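The next block holds one structure in the form of structure tokens; read it before the comments.
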Amino acid sequence: MANAVKKATVKNDKNLSQNNFAVLSPVGENMKNLLSKNEMECIIDGNYENVMSVLGIHKDKGSKEIYIRAYKPLTKSIELIDYEGNSYGLMTKLHDGGFYQINLGAINTDNFKHRFKITNNNGDEYIEEDIYSFPSILGDIDEYLFSEGNHFDLYKKLGAHIMEINGVKGVGFSVWAPNAKRVSVVGAFNNWDGRVNVMRKHYGCGVWDIFIPNIVEGEYYKFEVKTHEGHILTKSDPMSFYNEKRPNTASIVYDINHYNWNDGEWMKYRHAYNSFDRAMSVYEVHLGSWRRKGNNGEEFLSYRELADTLVPYVMNMGFTHVEFLPLCEHPYDASWGYQVTGLFAPTSRFGSPDDLRYMIDKFHQANIGVIMDWVPAHFPKDAHGLIEFDGTHLYEHQDPRKGEHKDWGTKIYNYGRTEVSNVLCCSALYWLKEYHVDGLRVDAVASMLYLDYSRENGEWVPNIYGGNENLEAISFIRKMNELCYSQCEGALTCAEESTAWPMVSRPTSMGGLGFGYKWNMGWMNDTLSYISKDPVYRKYEHGKLTFGLLYAFNENFILPISHDEVVHGKGSMLAKMPGDEWQKFANLRAYYGFMWTHPGKKLLFMGNEFAQDKEWNSAESLGWHLLDYPMYKGMQNCVRDLNLMYKGNSCLFEEDFQAKGFEWIDHSNANDSVISYIRRGHDYNNYLIVISNFTPVVRHNFKLGVPDAGVYQEIFNSDDCNYWGSGVKNHGELYSRDEGMHGRPCSIELTIPPLATIVLKKIR
């Protein structure tokens, strides 16, 4: 058979593609009716969209003869061989640019497998697979689900995946670029030549794919996109699992399936750990500046080094969860990760994807939940990213009134496009499933909800009803939340939403947005405004301390003292406090005591737990040296003990989102700047009493109404000497009197320390 094939003459292929090819002038006695020179040059120049209809193995419908064609630039010759090494002859070189063809005759190709034995211009010989002989890695169901916006395992198809096809190992590449003229995979394996590995286009869904044999994990690659205007764009893979460390932007082939998790116990009971009636005290962390190494602190700790240092620190401090500022790949350090270019790739600044998995695994083994900031609100304009990905406004709106955040210099996703919504939903599920992340905190939700967000009249386009609500974004948010809660048991979502939009943290079935939690920005702004005032003037601002209870149970709130409050000239938490050095620390300790006992889950940004004196700088490590001084160490001790008290008393968290979990004792003592209240758990008789004094005056013989006769004991005092306080305490036991007060049947007499929060518990 092999010899017979060698002698076969080359016939005309009448069905090479959707185009009609002109006839090439004869180039030899048996070389007639081949591809036109123009068509070959179109492929050689990278201008031919459907190369799969030309290259690879094809049958002439007229004669039933089989042709194999190849485009291999910088080659001298190609010999066609089978997998046993048998030769089928040299392929005819049709064009000096590297276009080859061979006629195999009317053979049966059902089990025909071939390779190319290539001699390059330097005389070197090597064997290579015919990449155009492999089938598509996308199935009909994949195309259908993606087109309708419901392919939620899309990351398992698009991107780069190590696989084996017909016994050959390699990597399958696929990317969505429906409006491109041509898309190629480029890398060192093809000298970054976009003409070599041109991809197959699926016209029904706009996805391009190709299987390239013998590529292994760790290979660098990009997609070269040629637009219909003739522009060449070189793009990172939107669904890559791993990218080069900035400032380089290549994607890296990575197998996400070889990490062996050891957090089975956590995942089994995660739904219980993350339930609404459990304690949640979140430590917010920016990995690049929590702690650094090197002589000048110029080096990042790796994910694995952080697993050995950050995990035990968070555990020893008593936090239940850690929340990371965005971990997705991003080009610009100063964006803190909020300008994402890799929705599926953890940043390589700190190591590999499996290194991140290792760190998350260690948190779970320490019974600490992991929340990650996730940014579907906007994306940057970096040329290698999503902007005008296929030469058109693919991921973003074309109209800048809809498609651009001028405040941030970023683009806005087109949530109304089913494929874009699909990609974003898929990204959310990816982090929850593949990285065992326990929750997503969605950034800048208000900017998604309102069409006129940060825009003047004439700078925005109303919705179809004439309103300012972004209906497409609302639909996307609801769908994303429904998917997260239905497909990832025990996972949570949280909204950073700064307006009065109703039912942010209510189920979509009730008309809500479907988030599990919402940051309480109103409480944060009011109380920080209050605590920053000199105590002399606080009586005039007393309402800012109590107003939050009017709406505290409208949403499932988290009380956030986040990174946004200690940057951009706002100063550190300590710097916000009035008074001398002692009063600053006392104010902050009293405030934290109020926060930890107030309804709502807790979030504190790193460094605030020991009262870092300078505002946060993302380019340097926290000021850990401050812990050598007693006032900073005292603050750290105070926060640790607040966490321990909080977790150890269920009445402080069981009824966070129900009015029955909170009762005022006295909210109207503005003159003394003293407030007092009760926190109750599921069991009505399980309660604590909280008193906060926001003046630097000791309140002796202070009478307070209590709900029951009995004996009370002070279990927390922010003025404790161990916290660098003055040590004014209520020692021993406090016996109630039958003298009613504050609408309560009994009362106690106690001493309230200056600038302090104390907590009392009925012991019998």
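Note on naming: chains are A, B, ... as they come in the structure tokens, residues start from 1 per chain, ligands start from 1 in the order shown.
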>> If we count only C-alpha atoms and set the cut-off at 8 Å, which residues sit around Leu622 in chain A, ignoring sequence neighbours fewer than 6 positions away in its own chain? Please answer as a VMD selection string.
In response: chain A and resid 289 to 291 607 612 616
>> If we count only C-alpha atoms and set the cut-off at 7 Å, which residues sit around Phe241 in chain A, ignoring sequence neighbours fewer than 2 positions away in its own chain? Please answer as a ChimeraX atom specification.
In response: /A:239,254,344-345
Wanna dump the range 538-607 of chain A-range 726-734 of chain A contacts at 12 Å for me, each residue with its shortest atom pair and the distance in Å to one decimal, counting only C-alpha atoms, ordered by chain and number, as a tab-separated table?
```
residue	atom	partner	partner_atom	distance
A:Trp582	CA	A:Ser726	CA	9.1
A:Gln583	CA	A:Ser726	CA	10.4
A:Phe585	CA	A:Ser726	CA	11.2
A:Ala586	CA	A:Ser726	CA	9.0
```
Now that the selection is made, can you save its residues with N, CA and C atoms as an mmCIF file, in the first residue's frame?
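Contents of the output file selection.cif:
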```cif
data_model
loop_
_atom_site.group_PDB
_atom_site.id
_atom_site.type_symbol
_atom_site.label_atom_id
_atom_site.label_comp_id
_atom_site.auth_asym_id
_atom_site.auth_seq_id
_atom_site.Cartn_x
_atom_site.Cartn_y
_atom_site.Cartn_z
ATOM 1 N N TRP A 582 -2.668 57.906 75.453
ATOM 2 C CA TRP A 582 -3.453 56.941 76.220
ATOM 3 C C TRP A 582 -4.913 56.963 75.773
ATOM 4 N N GLN A 583 -5.459 58.155 75.571
ATOM 5 C CA GLN A 583 -6.862 58.266 75.182
ATOM 6 C C GLN A 583 -7.106 57.686 73.790
ATOM 7 N N PHE A 585 -5.609 55.121 72.367
ATOM 8 C CA PHE A 585 -5.700 53.665 72.494
ATOM 9 C C PHE A 585 -6.965 53.258 73.241
ATOM 10 N N ALA A 586 -7.316 54.000 74.281
ATOM 11 C CA ALA A 586 -8.521 53.673 75.047
ATOM 12 C C ALA A 586 -9.773 53.822 74.186
#
```
>> Residues within 10 Å of Asn179 in chain A, please, as a PyMOL selection string. Count only C-alpha atoms; anything in the same chain fewer than 5 positions from it doesn't count.
In response: chain A and resi 206-207+225-228+389-394
Preceding selection exported with N, CA and C atoms as a PDB file, in the first residue's frame:
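Dumped everything to again22.pdb:
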```
ATOM      1  N   GLY A 206     -18.879  30.757  18.206  1.00  0.00           N
ATOM      2  CA  GLY A 206     -17.771  31.706  18.165  1.00  0.00           C
ATOM      3  C   GLY A 206     -16.542  31.280  18.930  1.00  0.00           C
ATOM      4  N   VAL A 207     -16.467  29.992  19.290  1.00  0.00           N
ATOM      5  CA  VAL A 207     -15.292  29.477  19.994  1.00  0.00           C
ATOM      6  C   VAL A 207     -14.326  28.884  18.977  1.00  0.00           C
ATOM      7  N   VAL A 225      -4.724  37.058  17.879  1.00  0.00           N
ATOM      8  CA  VAL A 225      -6.025  37.325  17.275  1.00  0.00           C
ATOM      9  C   VAL A 225      -5.831  38.303  16.126  1.00  0.00           C
ATOM     10  N   LYS A 226      -6.324  37.903  14.970  1.00  0.00           N
ATOM     11  CA  LYS A 226      -6.299  38.806  13.825  1.00  0.00           C
ATOM     12  C   LYS A 226      -7.709  39.315  13.599  1.00  0.00           C
ATOM     13  N   THR A 227      -7.863  40.624  13.605  1.00  0.00           N
ATOM     14  CA  THR A 227      -9.189  41.221  13.447  1.00  0.00           C
ATOM     15  C   THR A 227      -9.536  41.346  11.973  1.00  0.00           C
ATOM     16  N   HIS A 228     -10.793  41.629  11.700  1.00  0.00           N
ATOM     17  CA  HIS A 228     -11.223  41.790  10.312  1.00  0.00           C
ATOM     18  C   HIS A 228     -10.660  43.073   9.695  1.00  0.00           C
ATOM     19  N   PHE A 389     -11.380  42.189  22.842  1.00  0.00           N
ATOM     20  CA  PHE A 389     -10.609  40.943  22.785  1.00  0.00           C
ATOM     21  C   PHE A 389     -10.461  40.412  21.372  1.00  0.00           C
ATOM     22  N   ASP A 390     -11.517  40.448  20.584  1.00  0.00           N
ATOM     23  CA  ASP A 390     -11.423  39.943  19.214  1.00  0.00           C
ATOM     24  C   ASP A 390     -11.497  41.072  18.191  1.00  0.00           C
ATOM     25  N   GLY A 391     -11.131  42.255  18.635  1.00  0.00           N
ATOM     26  CA  GLY A 391     -11.198  43.422  17.766  1.00  0.00           C
ATOM     27  C   GLY A 391     -12.507  44.163  17.871  1.00  0.00           C
ATOM     28  N   THR A 392     -13.440  43.606  18.647  1.00  0.00           N
ATOM     29  CA  THR A 392     -14.719  44.268  18.893  1.00  0.00           C
ATOM     30  C   THR A 392     -14.930  44.363  20.401  1.00  0.00           C
ATOM     31  N   HIS A 393     -15.964  45.082  20.793  1.00  0.00           N
ATOM     32  CA  HIS A 393     -16.288  45.199  22.211  1.00  0.00           C
ATOM     33  C   HIS A 393     -16.998  43.918  22.634  1.00  0.00           C
ATOM     34  N   LEU A 394     -16.195  42.901  22.935  1.00  0.00           N
ATOM     35  CA  LEU A 394     -16.729  41.559  23.181  1.00  0.00           C
ATOM     36  C   LEU A 394     -17.244  41.412  24.606  1.00  0.00           C
TER      37      LEU A 394
END
```
Contacts of range 588-635 of chain A with range 297-302 of chain A up to 10 Å, shortest pair per row, only C-alpha atoms, as JSON lines:
```
{"residue": "A:Ala619", "atom": "CA", "partner": "A:Glu298", "partner_atom": "CA", "distance": 8.4}
{"residue": "A:Glu620", "atom": "CA", "partner": "A:Gly297", "partner_atom": "CA", "distance": 6.8}
{"residue": "A:Ser621", "atom": "CA", "partner": "A:Gly297", "partner_atom": "CA", "distance": 6.8}
```
Just-selected residues, C-alpha atoms written as a PDB file, in the first residue's frame:
```pdb
ATOM      1  CA  ALA A 619       3.998  48.508  49.113  1.00  0.00           C
ATOM      2  CA  GLU A 620       5.414  47.653  52.531  1.00  0.00           C
ATOM      3  CA  SER A 621       4.956  45.271  55.418  1.00  0.00           C
TER       4      SER A 621
END
```
> Please, what distance in Å, to one decimal, runs between CA of Lys117 in chain A and CA of Ile215 in chain A?
Replying inline: 17.8 Å
